[in-house]
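Participant: Here it is: the structure, laid out below.
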Amino acid sequence: MARIGYARVSTLDQDLTVQLAALKGAGCDIIRSEKVSGSSTVGRDELRTVLAFIREGDTLVVTRVDRLARSIGDLQDIVRELRGKGAGLLATEQPIDTSTAAGKAFLDMLGVFAEFETNLRRERQAEGIAKAKALGVYKRARTVDPEAVRALIGEGKGASAIARQLGIGRASVYRALKK
């Protein structure tokens with residue numbers, strides 16, 4: 001009956017130290033960690049490794065449920081997979097222990113709030129983009145017309161001159177030529 005820890009932060013510049021210390025303090029025999037968004041389980045290789053490795057009687061330990069999943073659907077899928085293997089889930093900073101009815105109920109409530117927080121963040125981002133567009137400061141990447149680049153090459157112009165004329169970077173000129 002092993003305690004397997006899982007720690008996650010969203011970006012490369014965030015630090016895992018506090019989570020790792022808490023998981024060690026919770027008696028985790030094995031700890032896996034990664035720096036990747038929790039908005040989906042896609043691309044979370046360490047989580048997949050933990051779920052593949054965990055066995056009957058083991059407990060997956062996280063500091064908070066939002067380290068495990070940011071959507072109620074993903075959270076329920078993970079818990080279902082753990083339950084199917086006879087393993088449990090424990091959060092060190094929240095009253096979550098899937099071996100109790102109260103722990104299961106609290107887990108579902110926290111999952112709903114984690115998903116709500118993600119949705120609010122998306123709405124704020126969309127509002128910010130709309131505001132920037134209204135102010136005329138929203139910059140979209142310019143599309144490069146490969147035919148225009150080839151035509152200018154045909155006229156004997158160099159990459160720097162083409163980039164200046166089309167208002168793009170030199171690297172974009174080279175990428176357009178590869179297409």
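Ordering of the structure tokens sets the chain letters (A, B, ...); residue numbers start at 1 within each chain; ligands are numbered from 1 in the order shown.
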Write out as a PyMOL selection string which residues come within 12 Å of Tyr174 (chain A) when counting only C-alpha atoms, dropping same-chain ones fewer than 2 positions away.
Facilitator: chain A and resi 144-146+149-150+153+158-160+162-163+168-172+176-179
Participant: Residues within 12 Å of Lys24 (chain A), please, as a PyMOL selection string. Count only C-alpha atoms; anything in the same chain fewer than 3 positions from it doesn't count.
Facilitator: chain A and resi 3-7+17-21+27-32+61-63+92
Participant: Within 12 Å of region 88-91 of chain A, which residues of region 103-171 of chain A come that close, and what is the closest atom pair and distance in Å for each? Count only C-alpha atoms and give it as a Markdown table.
Facilitator:
| residue | atom | partner | partner_atom | distance |
| --- | --- | --- | --- | --- |
| A:Gly103 | CA | A:Leu90 | CA | 8.7 |
| A:Lys104 | CA | A:Leu89 | CA | 9.3 |
| A:Phe106 | CA | A:Ala91 | CA | 10.9 |
| A:Leu107 | CA | A:Ala91 | CA | 9.2 |
| A:Leu110 | CA | A:Ala91 | CA | 11.1 |
Participant: Set the distance at 8 Å and use only C-alpha atoms: which residues neighbour Lys35 (chain A) once local chain neighbours fewer than 5 positions away are removed? I'd like the list as a list in words.
Facilitator: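 The contact residues come out as Arg8, Val9, Ser10, Thr11, Leu12 and Gln14 of chain A.
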Participant: Env of Met109 (chain A): 12 Å cut, atoms = only C-alpha atoms, seq-sep filter 6 positions within chain, self excluded. Answer as a PyMOL selection string.
Facilitator: chain A and resi 65-66+71-72+75-76+94-96+102-103+115-116
Participant: Which of region 6-179 of chain A end up as strand (DSSP E) when DSSP is run on this backbone - answer as an MDAnalysis selection string?
Facilitator: chainID A and resid 6:9 30:35 59:62 88:91 96:97
